[in-house]
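Q: First the structure, which I've put down as C-alpha cells, then a few questions once you've had a look.
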Amino acid sequence: MKYLECPPISELDLRLNNGIIVGDYKVNGRVEIYSCKLAPSEKRLANSLDKQLAVELGGSHTVGSLEDSPLGGSFGNPFNPGHSSLSPASASPLGSVNDSATRKLLINLILTLNNTFSDYDFRDLKPEDFIREGSLDLVQNSINSKLSLGEDSSNVEFYRRLWSSLDDEMSLKECEIYSYVNDMDDDALSVGKIWSVNYFLYNKKLKKLAFLACWIKTPGIRQEDSDEGMESDDEGVWAMESDDK
C-alpha cells in the first residue's frame with residue numbers, strides 16, 4: 001500500500017503527532033491516507049495470510065480464491081451469495097471469511113497498521129479484532145467529543161478542518177468505516193494509554209483507505225516505556241527488529 005502525500009492531511013497528522021491539549025490531557029494521534037494498490041512484498045504477505053485463513057477454515061469449506069478480484073479492487077458484498085450456508089466458524093464481524101473479499105479487507109486493514117506503525121507487525125490480527133461502524137455521524141461525534149471538553153470550543157476549527165480535508169480526499173459519505181476493537185488489558189495498540197480509538201475509512205471506488213487514530217497516554221508513561229510494553233506483548237502483535245540492530 002502506498003502512502004499518499006496530501007499537504008492538508010500531512011499538516012493535520014503533524015498536529016496530532018505533536019498533541020492537542022484537551023483540558024488537563026494531551027490527545028495524540030495519526031491521520032494518513034493509503035492507496036490500496038499493494039507493493040510486491042505486500043502481495044506475498046497477502047497471499048501468505050490468505051492461505052493461513054484458508055487453513056484455519058478447514059477442508060469442509062468452499063473458500064474463494066484471493067485472485068477472484070484484483071488486489072486493491074472492490075471488496076463488494078462481504079457476504080458471498082454463492083455460499084448458500086455458512087458455518088459459524090467462517091462468519092466474522094467483517095463478513096464471511098469464505099469470501100475472498102472479506103479476507104482482502106482484513107489484509108488491507110492489517111497492512112494499513114503495518115505501514116502506519118512500521119516498527120510492528122500486525123499479521124496475527126483476526127476479523128474479530130475489527131467491527132464495521134454503522135454511521136459516519138457517530139464516528140465524527142466520537143472523535144469530536146474526544147477533542148473537546150464540555151463547553152470548550154478551542155479545537156472546533158481543528159476537527160472541522162480534519163473532516164473537511166478527509167472528505168476532499170476520501171468522499172466520506174461513500175466510505176465504509178471500520179474500527180479496531182481495543183482490549184485495554186492486553187492490547188499492543190493500547191499499552192500505556194488511558195484510551196485509544198482507531199478508525200479505517202475505505203472508499204472502494206477510489207481504492208483508497210484512510211487511517212485515523214486518537215489516544216491519551218497514561219500520565220508518567222514516556223513513549224519509550226510504551227514501546228517497551230508493546231515489545232513485551234507476545235500475543236497477536238510483536239515488535240519487529242529494525243534493520244540496524
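By convention here, the chains of the C-alpha cells are called A, B, ... in the order presented, each chain's residues are numbered starting at 1, and ligands are numbered starting at 1 in the order presented.
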Residues near A:Asp129, anyone? I mean within 8 Å using only C-alpha atoms, not counting same-chain ones fewer than 6 positions away, as a PyMOL selection string.

A: chain A and resi 180-182

Q: Next, write the just-selected residues to a file, as a PDB file, in the first residue's frame, keeping all heavy atoms as the atom set.

A:
```pdb
ATOM      1  N   TYR A 180     -10.914  -0.711  14.997  1.00  0.00           N
ATOM      2  CA  TYR A 180     -10.202  -1.763  15.715  1.00  0.00           C
ATOM      3  C   TYR A 180     -10.792  -1.880  17.110  1.00  0.00           C
ATOM      4  O   TYR A 180     -11.030  -0.873  17.790  1.00  0.00           O
ATOM      5  CB  TYR A 180      -8.717  -1.418  15.781  1.00  0.00           C
ATOM      6  CG  TYR A 180      -7.906  -2.377  16.619  1.00  0.00           C
ATOM      7  CD1 TYR A 180      -7.665  -3.670  16.173  1.00  0.00           C
ATOM      8  CD2 TYR A 180      -7.403  -1.989  17.851  1.00  0.00           C
ATOM      9  CE1 TYR A 180      -6.932  -4.549  16.940  1.00  0.00           C
ATOM     10  CE2 TYR A 180      -6.663  -2.858  18.624  1.00  0.00           C
ATOM     11  CZ  TYR A 180      -6.429  -4.137  18.169  1.00  0.00           C
ATOM     12  OH  TYR A 180      -5.713  -5.009  18.929  1.00  0.00           O
ATOM     13  N   VAL A 181     -11.039  -3.098  17.541  1.00  0.00           N
ATOM     14  CA  VAL A 181     -11.640  -3.350  18.856  1.00  0.00           C
ATOM     15  C   VAL A 181     -10.527  -3.409  19.895  1.00  0.00           C
ATOM     16  O   VAL A 181      -9.712  -4.338  19.900  1.00  0.00           O
ATOM     17  CB  VAL A 181     -12.451  -4.663  18.861  1.00  0.00           C
ATOM     18  CG1 VAL A 181     -13.073  -4.891  20.237  1.00  0.00           C
ATOM     19  CG2 VAL A 181     -13.530  -4.624  17.785  1.00  0.00           C
ATOM     20  N   ASN A 182     -10.505  -2.418  20.777  1.00  0.00           N
ATOM     21  CA  ASN A 182      -9.450  -2.348  21.785  1.00  0.00           C
ATOM     22  C   ASN A 182      -9.697  -3.332  22.923  1.00  0.00           C
ATOM     23  O   ASN A 182     -10.832  -3.546  23.342  1.00  0.00           O
ATOM     24  CB  ASN A 182      -9.379  -0.940  22.388  1.00  0.00           C
ATOM     25  CG  ASN A 182      -8.927   0.096  21.376  1.00  0.00           C
ATOM     26  OD1 ASN A 182      -8.079  -0.176  20.552  1.00  0.00           O
ATOM     27  ND2 ASN A 182      -9.510   1.268  21.444  1.00  0.00           N
TER      28      ASN A 182
END
```

Q: For stretch 40-43 of chain A, please output as a VMD selection string all residues within 10 Å (counting only C-alpha atoms; exclusion window: fewer than 6 positions along the same chain).

A: chain A and resid 1 49 71 107 to 108 111

Q: So which one's closest to A:Leu136, A:Ser171, A:Ser190, A:Ser48, A:Ser196? Using only C-alpha atoms, please.

A: A:Ser171

Q: Between A:Pro127, A:Thr112, A:Arg30, A:Arg132, which one has atoms that come closest to A:Ala91, using only C-alpha atoms?

A: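 The answer is A:Pro127, which sits nearest to A:Ala91.
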
Q: Compare A:Val22, A:Ala213, A:Leu172, A:Val27 by their minimum atom-to-atom distance to A:Ser154, counting only C-alpha atoms, and give me the closest one.

A: A:Val22

Q: Excluding A:Lys26 and residues on its chain fewer than 6 positions from it, collect all residues at most 10 Å away from it, counting only C-alpha atoms, and give them as a short mmCIF file (atom, residue, chain, number, x, y, z; two decimals) with N, CA, C and O atoms, in the first residue's frame.

A:
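As a result, result.cif now contains:
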```
data_model
loop_
_atom_site.label_atom_id
_atom_site.label_comp_id
_atom_site.auth_asym_id
_atom_site.auth_seq_id
_atom_site.Cartn_x
_atom_site.Cartn_y
_atom_site.Cartn_z
N LEU A 16 -1.57 16.25 15.19
CA LEU A 16 -1.94 15.15 16.08
C LEU A 16 -0.71 14.51 16.70
O LEU A 16 -0.72 14.10 17.87
N ASN A 18 2.07 15.99 17.42
CA ASN A 18 2.57 16.90 18.45
C ASN A 18 1.66 16.95 19.66
O ASN A 18 2.10 17.25 20.77
N GLY A 19 0.37 16.66 19.46
CA GLY A 19 -0.57 16.62 20.56
C GLY A 19 -1.48 17.83 20.61
O GLY A 19 -1.05 18.96 20.32
N ILE A 20 -2.72 17.59 20.97
CA ILE A 20 -3.72 18.65 21.10
C ILE A 20 -4.17 18.69 22.56
O ILE A 20 -4.58 17.66 23.12
N LEU A 147 -11.88 15.48 21.27
CA LEU A 147 -11.06 16.67 21.06
C LEU A 147 -11.68 17.91 21.69
O LEU A 147 -11.22 19.02 21.45
N TRP A 215 -5.49 9.04 20.83
CA TRP A 215 -5.27 8.39 22.12
C TRP A 215 -4.76 9.40 23.14
O TRP A 215 -4.27 10.47 22.78
N ILE A 216 -4.91 9.04 24.40
CA ILE A 216 -4.32 9.78 25.51
C ILE A 216 -3.40 8.82 26.25
O ILE A 216 -3.81 7.73 26.65
N LYS A 217 -2.15 9.24 26.45
CA LYS A 217 -1.19 8.40 27.16
C LYS A 217 -1.45 8.44 28.66
O LYS A 217 -1.92 9.44 29.20
N PRO A 219 -0.61 9.09 32.34
CA PRO A 219 0.33 10.05 32.94
C PRO A 219 1.59 9.36 33.45
O PRO A 219 1.52 8.30 34.09
#
```

Q: So that I can check the surroundings of A:Tyr199, please list as a PDB file with C-alpha atoms, in the first residue's frame every protein, DNA and RNA residue that reaches within 9 Å of it, counting only C-alpha atoms and ignoring chain neighbours fewer than 5 positions away.

A:
```pdb
ATOM      1  CA  GLU A 133     -19.234   1.168  12.053  1.00  0.00           C
ATOM      2  CA  VAL A 139     -17.675   8.267  14.230  1.00  0.00           C
ATOM      3  CA  ILE A 177     -15.885   2.661   8.117  1.00  0.00           C
ATOM      4  CA  TYR A 178     -14.251   0.039  10.325  1.00  0.00           C
ATOM      5  CA  SER A 179     -12.685   0.278  13.756  1.00  0.00           C
ATOM      6  CA  TYR A 180     -10.202  -1.763  15.715  1.00  0.00           C
ATOM      7  CA  ALA A 210      -7.624   6.447   5.408  1.00  0.00           C
ATOM      8  CA  PHE A 211      -6.474   5.637   8.930  1.00  0.00           C
ATOM      9  CA  LEU A 212      -7.483   7.928  11.796  1.00  0.00           C
ATOM     10  CA  ALA A 213      -6.429   7.295  15.391  1.00  0.00           C
TER      11      ALA A 213
END
```
